[in-house]
Amino acid sequence: MKSTTELTKNECEDAWVSLCVLWDVDQNYWFPLRHNDPDREDIVAFYTPSFEEYVGDSGVRRIIEKKGITRVIELREGGTGEYLTTRDLEIYYSGLEGYWTSEAFDWLIYSSHEQSTTIGGRWLLNEIKAIWPNWNNCLYQLYIDGNYK
């Protein structure tokens with residue numbers, strides 16, 4: 001059984017403000033759907049099916065547990081949010097864009113409707129790259145106006 005606690009309205013608002021200030025998130029879309037800065041070395045967008053195959057929820061859980069993180073914040077497009085135990089972390093698009101982070105907001109995972117899974121945070125990216133040798137072959141390609149960008 002999943003162990004979750006709904007964020008209070010104030011906690012949820014504070015979390016969204018932190019994501020806006022620290023990661024330029026606007027409660028709807030994030031990287032690469034809203035902006036894509038190729039010079040940001042601390043944010044990488046992957047094609048979701050590849051990310052799930054090579055890293056997946058279990059890989060992310062192992063990485064963040066190794067870092068000592070026991071509680072994760074999950075926020076959904078539109079403003080809702082809850083606390084999860086690390087073991088209950090599942091990264092997926094639910095019909096609403098999804099965001100996962102810790103109370104330190106030093107990393108961020110984003111799952112979009114466009115089959116992108118974005119990882120933000122240098123330490124988290126380094127750990128993912130260490131367990132996924134061919135990560136750079138599975139980068140997300142943004143499809144706009146009939147062309148991949």
# chains A, B, ... in the order shown; residues from 1 in each chain; ligands from 1

call {"tool": "residues_around", "arguments": {"residues": "Leu7 of chain A", "least_positions_apart": "6", "cutoff": "9 Å", "atoms": "only C-alpha atoms", "output": "PyMOL selection string"}}
result
chain A and resi 73+80-83

call {"tool": "residues_around", "arguments": {"residues": "Gly78 of chain A", "least_positions_apart": "2", "cutoff": "7 Å", "atoms": "only C-alpha atoms", "output": "PyMOL selection string"}}
result
chain A and resi 27-28+76+80

call {"tool": "select_by_dssp", "arguments": {"residues": "chain A", "states": "strand (DSSP E or B)", "output": "PyMOL selection string"}}
result
chain A and resi 4-6+43-47+71-76+80-85+98-101+108-111+116-120+139+143-144+147-148

call {"tool": "write_last_selection", "arguments": {"atoms": "N, CA, C and O atoms", "output": "compact mmCIF listing (two decimals), in the first residue's frame"}}
result
# COMPACT_ATOMS: atom_id res chain seq x y z
N THR A 4 1.24 7.93 1.46
CA THR A 4 1.27 9.32 1.02
C THR A 4 0.56 10.21 2.04
O THR A 4 -0.28 9.75 2.79
N THR A 5 0.92 11.47 2.02
CA THR A 5 0.25 12.49 2.82
C THR A 5 0.05 13.70 1.93
O THR A 5 1.02 14.20 1.33
N GLU A 6 -1.17 14.16 1.82
CA GLU A 6 -1.46 15.33 0.99
C GLU A 6 -0.81 16.57 1.58
O GLU A 6 -0.83 16.77 2.80
N ILE A 43 20.39 20.04 -16.39
CA ILE A 43 19.06 19.60 -16.79
C ILE A 43 19.18 18.82 -18.10
O ILE A 43 19.74 19.32 -19.07
N VAL A 44 18.64 17.59 -18.11
CA VAL A 44 18.65 16.78 -19.32
C VAL A 44 17.28 16.13 -19.47
O VAL A 44 16.74 15.57 -18.51
N ALA A 45 16.72 16.17 -20.68
CA ALA A 45 15.45 15.52 -20.98
C ALA A 45 15.70 14.24 -21.76
O ALA A 45 16.43 14.23 -22.75
N PHE A 46 15.08 13.16 -21.28
CA PHE A 46 15.22 11.85 -21.91
C PHE A 46 13.89 11.42 -22.52
O PHE A 46 12.82 11.85 -22.07
N TYR A 47 13.95 10.54 -23.49
CA TYR A 47 12.76 9.91 -24.06
C TYR A 47 12.25 8.93 -23.00
O TYR A 47 12.98 8.03 -22.57
N ARG A 71 11.92 11.02 1.97
CA ARG A 71 10.61 11.57 1.65
C ARG A 71 10.72 12.43 0.39
O ARG A 71 11.65 13.21 0.24
N VAL A 72 9.75 12.26 -0.50
CA VAL A 72 9.72 12.95 -1.79
C VAL A 72 8.43 13.75 -1.88
O VAL A 72 7.39 13.33 -1.39
N ILE A 73 8.52 14.91 -2.50
CA ILE A 73 7.34 15.71 -2.79
C ILE A 73 6.92 15.43 -4.23
O ILE A 73 7.75 15.51 -5.14
N GLU A 74 5.66 15.11 -4.43
CA GLU A 74 5.09 14.95 -5.76
C GLU A 74 4.10 16.08 -5.98
O GLU A 74 3.20 16.28 -5.17
N LEU A 75 4.30 16.82 -7.06
CA LEU A 75 3.38 17.89 -7.44
C LEU A 75 2.82 17.58 -8.82
O LEU A 75 3.52 17.03 -9.67
N ARG A 76 1.56 17.95 -9.01
CA ARG A 76 0.91 17.73 -10.29
C ARG A 76 0.44 19.05 -10.87
O ARG A 76 0.06 19.97 -10.13
N THR A 80 -1.84 20.53 -7.25
CA THR A 80 -1.96 19.55 -6.17
C THR A 80 -0.60 18.96 -5.82
O THR A 80 0.33 18.99 -6.62
N GLY A 81 -0.52 18.39 -4.61
CA GLY A 81 0.73 17.78 -4.21
C GLY A 81 0.59 16.88 -3.01
O GLY A 81 -0.39 16.95 -2.27
N GLU A 82 1.58 15.99 -2.85
CA GLU A 82 1.61 15.10 -1.71
C GLU A 82 3.04 14.71 -1.39
O GLU A 82 3.93 14.82 -2.22
N TYR A 83 3.22 14.26 -0.14
CA TYR A 83 4.49 13.67 0.28
C TYR A 83 4.41 12.17 0.06
O TYR A 83 3.37 11.55 0.33
N LEU A 84 5.50 11.59 -0.43
CA LEU A 84 5.61 10.15 -0.61
C LEU A 84 6.84 9.67 0.14
O LEU A 84 7.82 10.40 0.26
N THR A 85 6.81 8.43 0.59
CA THR A 85 8.06 7.83 1.03
C THR A 85 8.87 7.53 -0.22
O THR A 85 8.29 7.31 -1.30
N GLY A 98 3.77 15.81 -14.11
CA GLY A 98 4.20 15.45 -12.77
C GLY A 98 5.61 15.94 -12.46
O GLY A 98 6.48 15.95 -13.33
N TYR A 99 5.81 16.32 -11.20
CA TYR A 99 7.10 16.82 -10.70
C TYR A 99 7.42 16.11 -9.39
O TYR A 99 6.55 15.97 -8.53
N TRP A 100 8.69 15.72 -9.22
CA TRP A 100 9.14 15.08 -7.99
C TRP A 100 10.43 15.74 -7.54
O TRP A 100 11.31 16.02 -8.35
N THR A 101 10.53 15.98 -6.25
CA THR A 101 11.70 16.63 -5.68
C THR A 101 11.77 16.30 -4.20
O THR A 101 10.93 15.57 -3.67
N LEU A 108 15.20 17.70 -9.36
CA LEU A 108 13.83 17.72 -9.85
C LEU A 108 13.69 16.71 -10.98
O LEU A 108 14.57 16.59 -11.82
N ILE A 109 12.57 15.99 -10.96
CA ILE A 109 12.21 15.09 -12.04
C ILE A 109 10.87 15.55 -12.57
O ILE A 109 9.96 15.86 -11.80
N TYR A 110 10.74 15.58 -13.89
CA TYR A 110 9.52 16.04 -14.54
C TYR A 110 9.08 15.02 -15.58
O TYR A 110 9.88 14.60 -16.41
N SER A 111 7.81 14.64 -15.54
CA SER A 111 7.25 13.72 -16.52
C SER A 111 6.15 14.44 -17.28
O SER A 111 5.19 14.94 -16.69
N SER A 116 8.46 12.83 -22.37
CA SER A 116 9.78 13.26 -21.92
C SER A 116 9.85 13.08 -20.41
O SER A 116 8.87 13.28 -19.70
N THR A 117 11.01 12.64 -19.96
CA THR A 117 11.32 12.59 -18.53
C THR A 117 12.56 13.44 -18.35
O THR A 117 13.62 13.13 -18.91
N THR A 118 12.42 14.54 -17.62
CA THR A 118 13.52 15.48 -17.44
C THR A 118 14.09 15.34 -16.04
O THR A 118 13.34 15.26 -15.06
N ILE A 119 15.41 15.33 -15.98
CA ILE A 119 16.13 15.25 -14.71
C ILE A 119 16.87 16.56 -14.52
O ILE A 119 17.61 17.00 -15.40
N GLY A 120 16.67 17.18 -13.36
CA GLY A 120 17.38 18.40 -13.00
C GLY A 120 18.16 18.17 -11.73
O GLY A 120 17.68 17.51 -10.81
N LEU A 139 18.30 10.83 -25.62
CA LEU A 139 17.83 12.17 -25.29
C LEU A 139 16.50 12.44 -25.98
O LEU A 139 16.23 11.95 -27.08
N TYR A 143 9.42 17.76 -30.66
CA TYR A 143 8.73 17.78 -31.96
C TYR A 143 7.87 19.01 -32.04
O TYR A 143 6.89 19.16 -31.30
N ILE A 144 8.25 19.97 -32.89
CA ILE A 144 7.51 21.22 -33.05
C ILE A 144 7.30 21.48 -34.53
O ILE A 144 8.23 21.40 -35.32
N ASN A 147 8.76 19.10 -37.10
CA ASN A 147 10.20 18.86 -37.09
C ASN A 147 10.69 18.60 -35.68
O ASN A 147 10.19 19.15 -34.72
N TYR A 148 11.72 17.75 -35.58
CA TYR A 148 12.36 17.55 -34.30
C TYR A 148 13.39 18.63 -34.10
O TYR A 148 14.15 18.97 -35.00

call {"tool": "closest_atom_pairs", "arguments": {"of": "segment 20-68 of chain A", "to": "segment 123-134 of chain A", "cutoff": "7 Å", "atoms": "only C-alpha atoms", "output": "Markdown table"}}
result
| residue | atom | partner | partner_atom | distance |
| --- | --- | --- | --- | --- |
| A:Tyr54 | CA | A:Trp132 | CA | 6.4 |
| A:Val55 | CA | A:Trp132 | CA | 6.9 |
| A:Ile63 | CA | A:Glu127 | CA | 6.8 |

call {"tool": "closest_residue", "arguments": {"among": "A:Glu114, A:Asn136, A:Val25, A:Gly79", "to": "Glu11 of chain A", "atoms": "only C-alpha atoms"}}
result
A:Gly79

call {"tool": "closest_residue", "arguments": {"among": "A:Cys20, A:Leu33, A:Ile64, A:Ala15", "to": "Leu89 of chain A", "atoms": "only C-alpha atoms"}}
result
A:Ile64

call {"tool": "atom_distance", "arguments": {"atom1": "atom CA of His113 of chain A", "atom2": "atom CA of Thr8 of chain A"}}
result
26.0 Å

call {"tool": "atom_distance", "arguments": {"atom1": "atom CA of Gly95 of chain A", "atom2": "atom CA of Asp14 of chain A"}}
result
23.2 Å

call {"tool": "closest_residue", "arguments": {"among": "A:Glu97, A:Ser102, A:Arg122, A:Trp107", "to": "Trp30 of chain A", "atoms": "only C-alpha atoms"}}
result
A:Glu97

call {"tool": "atom_distance", "arguments": {"atom1": "atom CA of Asp26 of chain A", "atom2": "atom CA of Ser3 of chain A"}}
result
27.0 Å

call {"tool": "closest_residue", "arguments": {"among": "A:Ser112, A:Ile69, A:Tyr93, A:Cys138", "to": "Tyr29 of chain A", "atoms": "only C-alpha atoms"}}
result
A:Ser112

call {"tool": "select_by_dssp", "arguments": {"residues": "chain A", "states": "helix (DSSP H, G or I)", "output": "ChimeraX atom specification"}}
result
/A:9-23,48-54,56-66,86-88,122-131,135-137

call {"tool": "write_last_selection", "arguments": {"atoms": "N, CA and C atoms", "output": "compact mmCIF listing (two decimals), in the first residue's frame"}}
result
# COMPACT_ATOMS: atom_id res chain seq x y z
N LYS A 9 -2.54 23.30 1.70
CA LYS A 9 -2.59 24.34 0.68
C LYS A 9 -1.33 25.22 0.76
N ASN A 10 -0.93 25.61 1.97
CA ASN A 10 0.27 26.45 2.14
C ASN A 10 1.53 25.71 1.73
N GLU A 11 1.66 24.43 2.11
CA GLU A 11 2.84 23.64 1.73
C GLU A 11 2.92 23.52 0.21
N CYS A 12 1.78 23.29 -0.40
CA CYS A 12 1.74 23.15 -1.85
C CYS A 12 2.14 24.46 -2.54
N GLU A 13 1.59 25.56 -2.08
CA GLU A 13 1.93 26.86 -2.65
C GLU A 13 3.41 27.16 -2.46
N ASP A 14 3.95 26.87 -1.28
CA ASP A 14 5.37 27.10 -1.01
C ASP A 14 6.25 26.24 -1.92
N ALA A 15 5.85 24.99 -2.13
CA ALA A 15 6.63 24.11 -2.99
C ALA A 15 6.64 24.63 -4.43
N TRP A 16 5.49 25.08 -4.92
CA TRP A 16 5.44 25.63 -6.28
C TRP A 16 6.29 26.89 -6.40
N VAL A 17 6.28 27.73 -5.39
CA VAL A 17 7.11 28.93 -5.41
C VAL A 17 8.58 28.54 -5.47
N SER A 18 8.97 27.55 -4.65
CA SER A 18 10.37 27.10 -4.67
C SER A 18 10.77 26.57 -6.04
N LEU A 19 9.89 25.78 -6.67
CA LEU A 19 10.21 25.26 -8.00
C LEU A 19 10.30 26.38 -9.03
N CYS A 20 9.45 27.38 -8.88
CA CYS A 20 9.50 28.52 -9.80
C CYS A 20 10.82 29.28 -9.65
N VAL A 21 11.19 29.57 -8.42
CA VAL A 21 12.40 30.35 -8.15
C VAL A 21 13.66 29.57 -8.52
N LEU A 22 13.72 28.31 -8.10
CA LEU A 22 14.95 27.53 -8.27
C LEU A 22 15.07 26.84 -9.63
N TRP A 23 13.93 26.48 -10.25
CA TRP A 23 13.97 25.70 -11.48
C TRP A 23 13.18 26.31 -12.64
N THR A 48 11.02 9.10 -22.56
CA THR A 48 10.49 8.35 -21.42
C THR A 48 10.61 6.83 -21.56
N PRO A 49 10.23 6.21 -22.68
CA PRO A 49 10.38 4.74 -22.76
C PRO A 49 11.82 4.27 -22.52
N SER A 50 12.79 5.01 -23.02
CA SER A 50 14.19 4.64 -22.79
C SER A 50 14.58 4.84 -21.33
N PHE A 51 14.16 5.95 -20.74
CA PHE A 51 14.45 6.20 -19.33
C PHE A 51 13.86 5.08 -18.46
N GLU A 52 12.63 4.71 -18.75
CA GLU A 52 11.98 3.65 -17.97
C GLU A 52 12.71 2.32 -18.13
N GLU A 53 13.20 2.03 -19.34
CA GLU A 53 13.90 0.77 -19.58
C GLU A 53 15.25 0.71 -18.88
N TYR A 54 16.02 1.78 -18.92
CA TYR A 54 17.39 1.73 -18.43
C TYR A 54 17.58 2.22 -16.99
N GLY A 56 14.44 3.74 -14.74
CA GLY A 56 13.16 3.43 -14.11
C GLY A 56 13.02 3.93 -12.69
N ASP A 57 11.86 3.68 -12.14
CA ASP A 57 11.58 4.08 -10.77
C ASP A 57 12.56 3.44 -9.79
N SER A 58 12.85 2.17 -10.00
CA SER A 58 13.73 1.47 -9.05
C SER A 58 15.14 2.07 -9.06
N GLY A 59 15.63 2.44 -10.23
CA GLY A 59 16.95 3.07 -10.30
C GLY A 59 16.98 4.41 -9.59
N VAL A 60 15.96 5.22 -9.81
CA VAL A 60 15.88 6.53 -9.15
C VAL A 60 15.75 6.34 -7.64
N ARG A 61 14.91 5.40 -7.22
CA ARG A 61 14.75 5.16 -5.78
C ARG A 61 16.08 4.79 -5.13
N ARG A 62 16.83 3.88 -5.77
CA ARG A 62 18.14 3.48 -5.22
C ARG A 62 19.07 4.69 -5.09
N ILE A 63 19.09 5.53 -6.11
CA ILE A 63 19.98 6.70 -6.10
C ILE A 63 19.61 7.65 -4.98
N ILE A 64 18.33 7.98 -4.86
CA ILE A 64 17.97 8.98 -3.84
C ILE A 64 18.00 8.39 -2.44
N GLU A 65 17.74 7.09 -2.30
CA GLU A 65 17.89 6.46 -0.99
C GLU A 65 19.35 6.46 -0.55
N LYS A 66 20.26 6.21 -1.50
CA LYS A 66 21.70 6.24 -1.21
C LYS A 66 22.12 7.63 -0.71
N THR A 86 10.16 7.49 -0.11
CA THR A 86 11.01 7.22 -1.26
C THR A 86 10.64 5.88 -1.90
N ARG A 87 10.32 4.89 -1.10
CA ARG A 87 9.98 3.57 -1.66
C ARG A 87 8.70 3.60 -2.50
N ASP A 88 7.86 4.63 -2.31
CA ASP A 88 6.61 4.74 -3.06
C ASP A 88 6.72 5.64 -4.28
N ARG A 122 22.60 18.47 -10.73
CA ARG A 122 23.89 17.90 -11.16
C ARG A 122 24.18 16.55 -10.50
N TRP A 123 23.96 16.47 -9.17
CA TRP A 123 24.31 15.22 -8.48
C TRP A 123 23.43 14.07 -8.96
N LEU A 124 22.13 14.33 -9.17
CA LEU A 124 21.23 13.27 -9.63
C LEU A 124 21.57 12.86 -11.06
N LEU A 125 21.84 13.82 -11.91
CA LEU A 125 22.23 13.49 -13.29
C LEU A 125 23.50 12.66 -13.32
N ASN A 126 24.48 13.02 -12.51
CA ASN A 126 25.73 12.27 -12.49
C ASN A 126 25.50 10.82 -12.06
N GLU A 127 24.63 10.62 -11.08
CA GLU A 127 24.32 9.26 -10.63
C GLU A 127 23.58 8.47 -11.71
N ILE A 128 22.66 9.11 -12.39
CA ILE A 128 21.92 8.43 -13.47
C ILE A 128 22.87 8.08 -14.61
N LYS A 129 23.73 9.00 -14.98
CA LYS A 129 24.69 8.73 -16.05
C LYS A 129 25.63 7.58 -15.68
N ALA A 130 25.95 7.45 -14.40
CA ALA A 130 26.84 6.38 -13.95
C ALA A 130 26.21 4.99 -14.11
N ILE A 131 24.90 4.89 -13.98
CA ILE A 131 24.26 3.58 -14.12
C ILE A 131 23.69 3.35 -15.53
N TRP A 135 23.25 6.82 -22.03
CA TRP A 135 22.21 7.82 -21.78
C TRP A 135 22.12 8.85 -22.90
N ASN A 136 23.26 9.24 -23.46
CA ASN A 136 23.25 10.30 -24.48
C ASN A 136 22.66 9.85 -25.81
N ASN A 137 22.38 8.55 -25.96
CA ASN A 137 21.69 8.06 -27.15
C ASN A 137 20.17 8.07 -26.98

call {"tool": "decode", "arguments": {"residues": "segment 34-80 of chain A", "atoms": "C-alpha atoms", "output": "PDB file, in the first residue's frame"}}
result
ATOM      1  CA  ARG A  34       8.433  25.413 -22.160  1.00  0.00           C
ATOM      2  CA  HIS A  35      12.089  26.193 -22.737  1.00  0.00           C
ATOM      3  CA  ASN A  36      15.135  24.250 -23.779  1.00  0.00           C
ATOM      4  CA  ASP A  37      18.530  25.691 -22.895  1.00  0.00           C
ATOM      5  CA  PRO A  38      21.258  23.477 -24.386  1.00  0.00           C
ATOM      6  CA  ASP A  39      23.853  25.233 -22.209  1.00  0.00           C
ATOM      7  CA  ARG A  40      22.234  24.026 -18.953  1.00  0.00           C
ATOM      8  CA  GLU A  41      24.393  21.123 -17.901  1.00  0.00           C
ATOM      9  CA  ASP A  42      22.258  20.404 -14.833  1.00  0.00           C
ATOM     10  CA  ILE A  43      19.056  19.596 -16.792  1.00  0.00           C
ATOM     11  CA  VAL A  44      18.647  16.784 -19.323  1.00  0.00           C
ATOM     12  CA  ALA A  45      15.445  15.522 -20.983  1.00  0.00           C
ATOM     13  CA  PHE A  46      15.219  11.848 -21.908  1.00  0.00           C
ATOM     14  CA  TYR A  47      12.765   9.914 -24.057  1.00  0.00           C
ATOM     15  CA  THR A  48      10.486   8.345 -21.424  1.00  0.00           C
ATOM     16  CA  PRO A  49      10.377   4.744 -22.756  1.00  0.00           C
ATOM     17  CA  SER A  50      14.192   4.642 -22.788  1.00  0.00           C
ATOM     18  CA  PHE A  51      14.446   6.201 -19.330  1.00  0.00           C
ATOM     19  CA  GLU A  52      11.984   3.647 -17.970  1.00  0.00           C
ATOM     20  CA  GLU A  53      13.902   0.773 -19.583  1.00  0.00           C
ATOM     21  CA  TYR A  54      17.389   1.733 -18.432  1.00  0.00           C
ATOM     22  CA  VAL A  55      16.803   3.577 -15.125  1.00  0.00           C
ATOM     23  CA  GLY A  56      13.161   3.429 -14.114  1.00  0.00           C
ATOM     24  CA  ASP A  57      11.579   4.084 -10.767  1.00  0.00           C
ATOM     25  CA  SER A  58      13.731   1.471  -9.050  1.00  0.00           C
ATOM     26  CA  GLY A  59      16.955   3.072 -10.298  1.00  0.00           C
ATOM     27  CA  VAL A  60      15.884   6.530  -9.148  1.00  0.00           C
ATOM     28  CA  ARG A  61      14.752   5.162  -5.777  1.00  0.00           C
ATOM     29  CA  ARG A  62      18.139   3.478  -5.217  1.00  0.00           C
ATOM     30  CA  ILE A  63      19.979   6.696  -6.099  1.00  0.00           C
ATOM     31  CA  ILE A  64      17.968   8.977  -3.844  1.00  0.00           C
ATOM     32  CA  GLU A  65      17.889   6.455  -0.987  1.00  0.00           C
ATOM     33  CA  LYS A  66      21.705   6.244  -1.213  1.00  0.00           C
ATOM     34  CA  LYS A  67      21.705  10.031  -0.768  1.00  0.00           C
ATOM     35  CA  GLY A  68      19.675   9.592   2.442  1.00  0.00           C
ATOM     36  CA  ILE A  69      16.425  11.000   1.073  1.00  0.00           C
ATOM     37  CA  THR A  70      13.439   9.275   2.690  1.00  0.00           C
ATOM     38  CA  ARG A  71      10.611  11.573   1.647  1.00  0.00           C
ATOM     39  CA  VAL A  72       9.720  12.951  -1.789  1.00  0.00           C
ATOM     40  CA  ILE A  73       7.337  15.712  -2.792  1.00  0.00           C
ATOM     41  CA  GLU A  74       5.092  14.947  -5.760  1.00  0.00           C
ATOM     42  CA  LEU A  75       3.379  17.894  -7.440  1.00  0.00           C
ATOM     43  CA  ARG A  76       0.915  17.732 -10.295  1.00  0.00           C
ATOM     44  CA  GLU A  77      -0.031  20.283 -12.924  1.00  0.00           C
ATOM     45  CA  GLY A  78      -2.796  22.472 -11.583  1.00  0.00           C
ATOM     46  CA  GLY A  79      -1.369  22.796  -8.091  1.00  0.00           C
ATOM     47  CA  THR A  80      -1.956  19.550  -6.173  1.00  0.00           C
TER      48      THR A  80
END
